[in-house]
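Structure file my_file_16.csv with CSV, C-alpha atoms:
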chain,number,residue,atom,x,y,z
A,96,MET,CA,-8.6,39.0,7.6
A,97,ALA,CA,-7.2,39.4,4.1
A,98,LEU,CA,-4.3,37.2,3.2
A,99,GLN,CA,-1.0,38.9,3.0
A,100,SER,CA,1.8,38.1,0.6
A,101,GLY,CA,4.7,36.0,1.8
A,102,TRP,CA,4.2,32.6,3.2
A,103,GLU,CA,0.5,33.0,4.3
A,104,ARG,CA,-1.1,32.5,0.9
A,105,PRO,CA,1.2,29.5,-0.1
A,106,PHE,CA,0.5,27.9,3.2
A,107,ALA,CA,-3.3,28.5,2.8
A,108,ARG,CA,-3.2,26.8,-0.6
A,109,LEU,CA,-1.2,23.9,0.8
A,110,SER,CA,-3.6,23.6,3.7
A,111,ALA,CA,-6.5,23.7,1.2
A,112,LEU,CA,-5.1,20.8,-0.8
A,113,VAL,CA,-4.6,18.7,2.4
A,114,ALA,CA,-8.0,19.6,3.7
A,115,LEU,CA,-9.6,18.6,0.4
A,116,ALA,CA,-7.8,15.2,0.7
A,117,ALA,CA,-9.0,14.8,4.3
A,118,LEU,CA,-12.6,15.6,3.2
A,119,ALA,CA,-12.4,13.0,0.4
A,120,ALA,CA,-10.9,10.4,2.7
A,121,ALA,CA,-13.7,11.0,5.3
A,122,ALA,CA,-16.3,10.6,2.6
A,123,ASP,CA,-14.5,7.4,1.4
A,124,ALA,CA,-14.5,6.0,5.0
A,125,TYR,CA,-18.2,6.7,5.3
A,126,PHE,CA,-19.2,5.0,2.1
A,127,ARG,CA,-16.6,2.2,2.1
A,128,PRO,CA,-16.2,1.2,5.7
A,129,VAL,CA,-13.8,-1.6,6.5
A,130,PRO,CA,-15.0,-4.4,8.8
A,131,ALA,CA,-13.1,-4.7,12.1
A,132,PRO,CA,-10.8,-7.8,12.2
A,133,SER,CA,-12.0,-10.7,14.4
A,134,ALA,CA,-9.9,-11.4,17.4
A,135,LYS,CA,-9.2,-15.0,16.8
A,136,ARG,CA,-7.3,-17.0,19.4
A,137,ALA,CA,-6.7,-20.7,19.8
A,138,THR,CA,-9.4,-22.2,22.0
A,139,THR,CA,-9.7,-25.6,23.5
A,140,GLY,CA,-12.7,-27.6,24.6
A,141,THR,CA,-13.1,-31.0,26.4
A,142,VAL,CA,-14.5,-34.2,25.0
A,143,THR,CA,-15.5,-37.2,27.0
A,144,GLY,CA,-15.8,-40.7,26.0
A,145,ASP,CA,-15.2,-44.2,27.4
A,146,GLY,CA,-14.9,-42.6,30.8
A,147,ALA,CA,-11.9,-40.4,29.8
A,148,THR,CA,-11.8,-36.7,29.3
A,149,ALA,CA,-9.4,-35.1,26.8
A,150,GLU,CA,-8.7,-31.5,25.8
A,151,VAL,CA,-8.8,-30.8,22.1
A,152,VAL,CA,-8.3,-27.8,19.9
A,153,THR,CA,-11.7,-26.5,18.8
A,154,ASP,CA,-10.3,-23.5,16.9
A,155,ARG,CA,-6.8,-23.4,15.8
A,156,GLY,CA,-6.5,-19.7,16.1
A,157,ASP,CA,-4.3,-17.7,13.8
A,158,PHE,CA,-1.3,-20.1,13.4
A,159,VAL,CA,-0.7,-23.8,12.7
A,160,THR,CA,2.5,-25.7,13.2
A,161,LEU,CA,4.2,-27.9,10.6
A,162,GLN,CA,2.7,-31.0,12.3
A,163,ASP,CA,-0.8,-29.4,12.0
A,164,ALA,CA,-0.2,-28.5,8.4
A,165,ILE,CA,1.0,-32.0,7.5
A,166,ALA,CA,-2.0,-33.5,9.3
A,167,LEU,CA,-4.4,-31.3,7.4
A,168,PHE,CA,-2.7,-32.0,4.1
A,169,GLU,CA,-2.8,-35.8,4.7
A,170,SER,CA,-6.4,-35.8,5.8
A,171,GLY,CA,-7.5,-33.6,2.9
A,172,ASP,CA,-9.5,-31.4,5.3
A,173,GLY,CA,-7.7,-28.2,4.7
A,174,TYR,CA,-7.4,-25.9,1.7
A,175,PHE,CA,-3.9,-24.5,1.3
A,176,VAL,CA,-3.3,-21.0,-0.1
A,177,ASP,CA,0.1,-19.9,-1.3
A,178,ALA,CA,0.6,-16.2,-0.8
A,179,ARG,CA,4.1,-16.0,-2.3
A,180,PRO,CA,4.8,-14.3,-5.6
A,181,ARG,CA,3.7,-16.3,-8.6
A,182,ALA,CA,7.2,-17.2,-9.8
A,183,GLN,CA,7.9,-18.8,-6.5
A,184,TYR,CA,4.6,-20.7,-6.5
A,185,LEU,CA,5.3,-22.1,-10.0
A,186,ALA,CA,8.7,-23.2,-8.8
A,187,GLY,CA,7.1,-25.4,-6.1
A,188,HIS,CA,4.2,-25.3,-3.7
A,189,ILE,CA,2.2,-27.6,-1.4
A,190,PRO,CA,0.2,-29.9,-3.7
A,191,GLY,CA,-3.2,-28.6,-4.4
A,192,ALA,CA,-2.5,-25.2,-3.0
A,193,PHE,CA,-4.3,-22.2,-4.6
A,194,HIS,CA,-2.1,-19.3,-5.6
A,195,ILE,CA,-3.6,-16.1,-4.0
A,196,ASP,CA,-1.0,-13.4,-3.4
A,197,VAL,CA,-1.4,-9.8,-2.2
A,198,ASP,CA,-1.6,-8.5,-5.8
A,199,ALA,CA,-4.6,-10.8,-6.5
A,200,PHE,CA,-6.7,-8.5,-4.3
A,201,ARG,CA,-5.8,-5.2,-6.0
A,202,SER,CA,-8.4,-5.6,-8.7
A,203,GLY,CA,-11.2,-6.8,-6.4
A,204,ARG,CA,-12.2,-10.3,-5.5
A,205,PRO,CA,-9.7,-12.9,-6.9
A,206,ALA,CA,-11.3,-15.6,-9.1
A,207,ALA,CA,-9.6,-18.3,-7.1
A,208,LEU,CA,-11.9,-17.5,-4.2
A,209,ASP,CA,-14.8,-19.1,-6.1
A,210,PHE,CA,-13.1,-22.5,-5.6
A,211,LEU,CA,-12.7,-22.1,-1.8
A,212,PRO,CA,-15.6,-22.9,0.4
A,213,GLU,CA,-16.3,-20.1,2.8
A,214,ASP,CA,-16.6,-22.4,5.8
A,215,GLY,CA,-13.7,-24.6,4.8
A,216,GLU,CA,-10.5,-24.7,6.8
A,217,VAL,CA,-8.0,-22.5,4.9
A,218,ILE,CA,-4.3,-22.6,5.7
A,219,ILE,CA,-2.3,-19.7,4.2
A,220,TYR,CA,1.5,-19.7,3.9
A,221,CYS,CA,4.2,-17.7,2.4
A,222,GLY,CA,8.0,-17.7,2.5
A,223,GLY,CA,8.3,-18.1,6.3
A,224,GLY,CA,10.4,-15.9,8.5
A,225,ASP,CA,9.2,-12.3,8.6
A,226,CYS,CA,7.1,-12.7,5.4
A,227,ASP,CA,3.8,-10.8,6.0
A,228,ALA,CA,2.0,-11.8,2.8
A,229,SER,CA,0.1,-14.6,4.5
A,230,LYS,CA,-1.2,-12.2,7.2
A,231,ILE,CA,-2.4,-9.7,4.5
A,232,VAL,CA,-4.1,-12.5,2.5
A,233,MET,CA,-5.7,-13.8,5.7
A,234,ARG,CA,-7.1,-10.4,6.6
A,235,MET,CA,-8.4,-10.0,3.0
A,236,LEU,CA,-10.0,-13.5,3.0
A,237,GLU,CA,-11.7,-12.6,6.3
A,238,SER,CA,-13.1,-9.4,4.7
A,239,TYR,CA,-14.6,-11.7,1.9
A,240,GLY,CA,-16.4,-13.8,4.5
A,241,PHE,CA,-14.0,-16.6,5.1
A,242,THR,CA,-14.1,-17.6,8.7
A,243,ARG,CA,-11.8,-20.6,9.3
A,244,LEU,CA,-8.4,-19.2,8.5
A,245,SER,CA,-5.0,-20.1,9.8
A,246,ILE,CA,-1.5,-19.2,8.9
A,247,PHE,CA,1.2,-21.8,8.5
A,248,GLU,CA,3.9,-19.4,9.7
A,249,ALA,CA,6.9,-21.5,9.1
A,250,GLY,CA,5.9,-21.4,5.5
A,251,TYR,CA,7.0,-23.2,2.4
A,252,PRO,CA,10.8,-23.4,3.1
A,253,VAL,CA,10.1,-25.5,6.3
A,254,TRP,CA,7.6,-27.6,4.4
A,255,GLU,CA,10.1,-28.3,1.7
A,256,ALA,CA,12.9,-28.9,4.3
A,257,ALA,CA,10.7,-31.5,6.0
A,258,GLU,CA,10.7,-33.4,2.7
A,259,GLN,CA,7.0,-33.1,2.4
A,260,PRO,CA,5.5,-33.5,-1.1
A,261,VAL,CA,5.6,-30.6,-3.4
A,262,GLU,CA,4.0,-29.7,-6.8
A,263,LEU,CA,5.4,-27.7,-9.6
A,264,GLY,CA,3.7,-25.4,-12.1
A,265,ASN,CA,0.1,-24.4,-12.0
A,266,PRO,CA,-2.0,-27.6,-12.4
A,267,LEU,CA,-5.1,-25.8,-11.1
A,268,GLY,CA,-4.9,-23.4,-14.0
A,269,LEU,CA,-5.9,-20.4,-11.9
B,61,MET,CA,13.8,34.6,0.5
B,62,ARG,CA,13.0,34.8,-3.1
B,63,LEU,CA,12.5,31.6,-5.1
B,64,PRO,CA,13.7,31.6,-8.7
B,65,THR,CA,11.5,30.9,-11.6
B,66,ALA,CA,12.3,29.3,-15.0
B,67,THR,CA,12.6,31.9,-17.7
B,68,SER,CA,14.0,30.1,-20.7
B,69,THR,CA,11.8,28.0,-22.8
B,70,PRO,CA,13.7,24.7,-22.5
B,71,ALA,CA,13.8,25.1,-18.7
B,72,SER,CA,10.1,25.9,-18.6
B,73,ALA,CA,9.3,22.8,-20.8
B,74,GLY,CA,11.5,20.7,-18.5
B,75,LEU,CA,9.4,21.7,-15.6
B,76,VAL,CA,6.3,20.5,-17.4
B,77,ILE,CA,8.0,17.1,-17.7
B,78,CYS,CA,8.8,17.2,-14.0
B,79,ARG,CA,5.2,18.0,-13.2
B,80,LEU,CA,3.9,15.2,-15.4
B,81,LEU,CA,6.5,12.7,-14.0
B,82,ALA,CA,6.1,13.4,-10.3
B,83,GLY,CA,2.4,14.2,-10.5
B,84,GLY,CA,1.5,11.5,-12.9
B,85,ALA,CA,3.2,8.9,-10.7
B,86,PHE,CA,1.2,10.0,-7.7
B,87,LEU,CA,-2.1,10.0,-9.6
B,88,LEU,CA,-1.5,6.5,-10.8
B,89,ALA,CA,-0.3,5.3,-7.3
B,90,GLY,CA,-3.4,6.9,-5.7
B,91,PHE,CA,-5.9,5.4,-8.1
B,92,LEU,CA,-4.3,1.9,-7.7
B,93,LYS,CA,-4.5,2.2,-3.9
B,94,LEU,CA,-8.1,3.3,-4.1
B,95,LYS,CA,-8.9,0.4,-6.4
B,96,GLY,CA,-7.2,-2.1,-4.1
B,97,GLY,CA,-9.2,-0.8,-1.2
B,98,PRO,CA,-8.2,0.7,2.2
B,99,LEU,CA,-7.8,-2.6,3.9
B,100,LEU,CA,-5.1,-3.8,1.5
B,101,PHE,CA,-3.2,-0.5,1.8
B,102,GLN,CA,-3.6,-0.6,5.6
B,103,MET,CA,-1.9,-4.0,5.7
B,104,SER,CA,0.9,-2.6,3.6
B,105,ILE,CA,1.4,0.3,6.0
B,106,GLU,CA,1.3,-2.1,9.0
B,107,GLY,CA,4.1,-4.1,7.3
B,108,PHE,CA,6.5,-1.2,7.6
B,109,ARG,CA,6.1,-1.3,11.5
B,110,MET,CA,6.5,2.5,11.7
B,111,VAL,CA,3.0,3.7,12.4
B,112,PRO,CA,1.0,2.8,15.5
B,113,TRP,CA,-1.9,0.5,14.9
B,114,TRP,CA,-4.5,3.1,15.5
B,115,GLY,CA,-3.0,5.3,12.8
B,116,THR,CA,-2.8,2.8,10.0
B,117,MET,CA,-6.5,2.9,8.9
B,118,PRO,CA,-6.8,6.7,8.9
B,119,LEU,CA,-3.6,6.8,6.8
B,120,ALA,CA,-4.9,4.1,4.5
B,121,TYR,CA,-8.0,6.3,3.7
B,122,PHE,CA,-6.1,9.6,3.6
B,123,LEU,CA,-2.9,9.0,1.7
B,124,PRO,CA,-4.4,7.8,-1.6
B,125,TRP,CA,-6.7,10.8,-1.8
B,126,LEU,CA,-3.7,13.1,-0.9
B,127,GLU,CA,-1.8,11.5,-3.7
B,128,ILE,CA,-4.6,11.9,-6.2
B,129,ILE,CA,-5.3,15.6,-5.3
B,130,ALA,CA,-1.6,16.7,-5.0
B,131,GLY,CA,-0.7,14.6,-8.1
B,132,GLY,CA,-3.6,15.9,-10.1
B,133,ALA,CA,-2.9,19.5,-9.1
B,134,LEU,CA,0.8,19.1,-10.1
B,135,VAL,CA,-0.1,17.6,-13.5
B,136,LEU,CA,-2.5,20.4,-14.2
B,137,GLY,CA,-0.2,23.1,-12.8
B,138,VAL,CA,-2.7,24.2,-10.2
B,139,TRP,CA,-0.8,25.8,-7.3
B,140,SER,CA,2.3,24.0,-8.7
B,141,ARG,CA,4.7,24.9,-5.9
B,142,GLN,CA,2.3,23.9,-3.1
B,143,SER,CA,1.4,20.6,-4.7
B,144,ALA,CA,5.1,20.0,-5.4
B,145,ALA,CA,5.8,20.6,-1.7
B,146,ILE,CA,3.2,17.9,-0.8
B,147,THR,CA,4.5,15.4,-3.3
B,148,LEU,CA,8.1,16.1,-2.3
B,149,GLY,CA,7.2,15.6,1.4
B,150,LEU,CA,5.3,12.4,0.6
B,151,TYR,CA,8.1,10.9,-1.6
B,152,PHE,CA,10.5,11.8,1.2
B,153,VAL,CA,8.5,10.0,3.9
B,154,PHE,CA,7.9,7.0,1.6
B,155,THR,CA,11.5,6.8,0.7
B,156,LEU,CA,12.5,6.9,4.4
B,157,GLY,CA,10.0,4.1,5.1
B,158,LEU,CA,11.4,2.0,2.2
B,159,ALA,CA,15.0,2.5,3.2
B,160,SER,CA,14.2,1.8,6.8
B,161,ALA,CA,12.4,-1.5,5.9
B,162,LEU,CA,15.3,-2.6,3.6
B,163,ILE,CA,17.9,-1.8,6.3
B,164,ARG,CA,15.8,-3.8,8.8
B,165,GLY,CA,15.6,-6.7,6.3
B,166,LEU,CA,11.8,-6.7,6.2
B,167,ASN,CA,10.3,-8.9,3.5
B,168,ILE,CA,7.1,-6.9,3.1
B,169,ASP,CA,4.6,-5.7,0.5
B,170,CYS,CA,5.6,-2.3,-0.9
B,171,GLY,CA,2.1,-1.0,-1.5
B,172,CYS,CA,3.6,1.5,-3.9
B,173,PHE,CA,2.1,1.0,-7.4
B,174,GLY,CA,-0.1,-2.0,-6.7
B,175,GLY,CA,2.5,-4.4,-8.2
B,176,LEU,CA,2.0,-2.7,-11.6
B,177,PHE,CA,5.7,-2.5,-12.3
B,178,GLY,CA,6.4,-6.0,-10.9
B,179,GLU,CA,7.6,-4.5,-7.6
B,180,SER,CA,5.2,-5.9,-5.0
B,181,GLN,CA,8.1,-6.4,-2.6
B,182,VAL,CA,10.2,-3.5,-1.3
B,183,GLY,CA,13.6,-3.1,-2.9
B,184,TRP,CA,16.4,-0.6,-3.5
B,185,HIS,CA,15.0,0.0,-7.0
B,186,SER,CA,11.9,1.5,-5.3
B,187,VAL,CA,14.2,3.9,-3.4
B,188,ALA,CA,16.0,4.9,-6.7
B,189,ARG,CA,12.7,5.5,-8.5
B,190,ASN,CA,11.5,7.7,-5.6
B,191,ALA,CA,14.7,9.7,-5.8
B,192,VAL,CA,13.9,10.5,-9.4
B,193,PHE,CA,10.4,11.6,-8.5
B,194,MET,CA,11.7,13.6,-5.5
B,195,SER,CA,14.1,15.5,-7.8
B,196,ALA,CA,11.3,16.3,-10.2
B,197,SER,CA,9.1,17.6,-7.3
B,198,ALA,CA,12.0,19.6,-5.9
B,199,ALA,CA,12.5,21.2,-9.3
B,200,VAL,CA,8.9,22.4,-9.5
B,201,LEU,CA,9.0,23.6,-5.9
B,202,ILE,CA,12.1,25.7,-6.6
B,203,TYR,CA,11.4,26.9,-10.1
B,204,GLY,CA,7.6,26.9,-10.4
B,205,GLY,CA,5.3,25.1,-12.7
B,206,GLY,CA,6.7,26.1,-16.0
B,207,ARG,CA,4.6,26.1,-19.2
B,208,PHE,CA,1.0,25.2,-19.4
B,209,ALA,CA,0.4,25.6,-15.7
B,210,LEU,CA,-3.2,26.6,-15.0
B,211,THR,CA,-2.4,28.9,-12.1
B,212,ARG,CA,0.3,31.5,-11.5
B,213,ASP,CA,3.1,30.7,-9.0
B,214,GLU,CA,3.4,32.5,-5.8
B,215,ILE,CA,6.8,33.9,-4.9
B,216,ALA,CA,7.1,32.6,-1.4
B,217,GLY,CA,8.4,35.1,1.0
B,218,ALA,CA,8.5,38.0,-1.4
B,219,ASP,CA,8.3,41.4,0.0
B,220,PRO,CA,4.9,43.0,-1.0
B,221,SER,CA,6.5,46.4,-1.2
B,222,GLU,CA,8.7,45.2,-4.0
B,223,SER,CA,5.8,44.3,-6.3
B,224,GLY,CA,3.7,47.3,-5.3
B,225,ALA,CA,0.7,45.1,-4.9
B,226,GLY,CA,-1.0,43.6,-1.8
B,227,ALA,CA,-0.3,40.1,-2.9
B,228,SER,CA,2.7,39.3,-4.9
B,229,ALA,CA,2.3,36.8,-7.8
B,230,MET,CA,4.6,36.1,-10.7
B,231,GLU,CA,4.0,34.8,-14.1
B,232,ALA,CA,5.9,31.5,-14.3
B,233,THR,CA,3.8,30.6,-17.3
B,234,PRO,CA,4.5,32.4,-20.6

Just give me the structure of the file as structure tokens.
Amino acid sequence: MALQSGWERPFARLSALVALAALAAAADAYFRPVPAPSAKRATTGTVTGDGATAEVVTDRGDFVTLQDAIALFESGDGYFVDARPRAQYLAGHIPGAFHIDVDAFRSGRPAALDFLPEDGEVIIYCGGGDCDASKIVMRMLESYGFTRLSIFEAGYPVWEAAEQPVELGNPLGL
Amino acid sequence: MRLPTATSTPASAGLVICRLLAGGAFLLAGFLKLKGGPLLFQMSIEGFRMVPWWGTMPLAYFLPWLEIIAGGALVLGVWSRQSAAITLGLYFVFTLGLASALIRGLNIDCGCFGGLFGESQVGWHSVARNAVFMSASAAVLIYGGGRFALTRDEIAGADPSESGAGASAMEATP
């Protein structure tokens, strides 16, 4: 059926532009698939010794508390990642924390990832509250092969309010 | 309903600026989103809490391509009114999303221009910027592509008997 004047031809053109975008998106999804997120939940296991049995956390799941974060900081077993904007990181962060915010992933793999062991325990934080930067950074780190990831959901304000040590500037030079 | 077309040279040149402004911004935003990858953009969409989880990944693949195709068509003046209709619709939806996030007090990643203009977080300045682009798109939708457009503009809803041809088209370009 030949197209008539009026709205038919403009709508056909509009539909053609949308269809072209859908086709390109389908090809993009085929050639650049995104891995499915892992469903990580806190799990516990039991350990026995000296005749006693105790339940311990074997996988922290997605979130860590302030107490967990302090324990990991003091033991030196965790790698902290600050997902806040750079200006806020420079004004104060958890000592030794790497600065990897959402923007760092817009140009591919951030250079700071070279300094994070893929099997190390990584704790990501941002400004607390409803800040979602740490969740985005966690998902991005997961896509780069990092497996032991947790979010310190209370974030830097709570860390600072708890009078924990802070570091200024960018001593890591990253 | 007959849509007007720009007849004076200054008005026609103004439409070129509108095309470059609205279309160019979309081209840039689309390329930056493609460069960042679908996962990053998906997380930005999720942050707005307006799209069901199953819709975020298809949108993350589709929207950047729609931005590039509609923006590119608008810059070149290919089917100017139709591409302007798409960009206007998208800017409208994006602005609604931004305003809604700001009213709800969400502290989220904008996902707009990949942090290029130092605006990784949503803010009222993003709404104001979108209003400018919406006005430019609306001008092209109403008055046509103006000078240097590669294709002629359709007169939407024109009566074919008035033009004496089966399909009505009008020179919006000199």

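Using only C-alpha atoms for every distance, the candidate list B:Val182, B:Leu88, B:Ile202, B:Cys170 yields B:Leu88 as the residue closest to Ala130 (chain B).
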
At most 8 Å to chain B: residues in chain A, only C-alpha atoms, as a VMD selection string: chain A and resid 98 to 102 105 to 106 108 to 109 112 to 113 115 to 117 119 to 121 123 to 124 129 197 to 198 200 to 203 225 to 228 231 235

List as an MDAnalysis selection string the protein and nucleic acid residues near Ala159 (chain B), meaning an atom at most 10 Å away when all atoms listed in the file are counted, but skip any in the same chain fewer than 3 places from it. chainID B and resid 153:156 162:165 182:184 186:187

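The interatomic distance for the pair CA of Arg204 (chain A) and CA of Ala178 (chain A) works out to 14.9 Å.
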
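Within 9 Å of region 182-196 of chain A, once all atoms listed in the file are used and residues closer than 6 positions along the same chain are dropped, the contacting residues are A:Phe168, A:Tyr174, A:Phe175, A:Val176, A:Pro205, A:Ala207, A:Leu208, A:Phe210, A:Leu211, A:Cys221, A:Ala228, A:Ser229, A:Ile231, A:Val232, A:Tyr251, A:Trp254, A:Glu255, A:Gln259, A:Pro260, A:Val261, A:Glu262, A:Leu263, A:Gly264, A:Asn265, A:Pro266, A:Leu267, A:Leu269.
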
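The coordinates place CA of Leu118 (chain A) at 29.6 Å from CA of Arg189 (chain B).
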
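When CA of Met233 (chain A) is paired with CA of Ile219 (chain A), their separation reads 7.0 Å.
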
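Comparing the minimum interatomic distances between Phe247 (chain A) and each of A:Gly171, A:Gly224, A:Gly215, A:Pro180, counting only C-alpha atoms, we find that A:Gly224 sits nearest.
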
List the spatial neighbours of region 135-137 of chain B as a ChimeraX atom specification - criterion: any atom at most 7 Å away, all atoms listed in the file, same-chain residues fewer than 4 positions off excluded. /B:79-80,83-84,131,205,209-211

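Of the listed residues A:Arg179, A:Arg243, A:Arg104, A:Arg234, the one whose atoms come nearest to Tyr220 (chain A) is A:Arg179, with distances taken using only C-alpha atoms.
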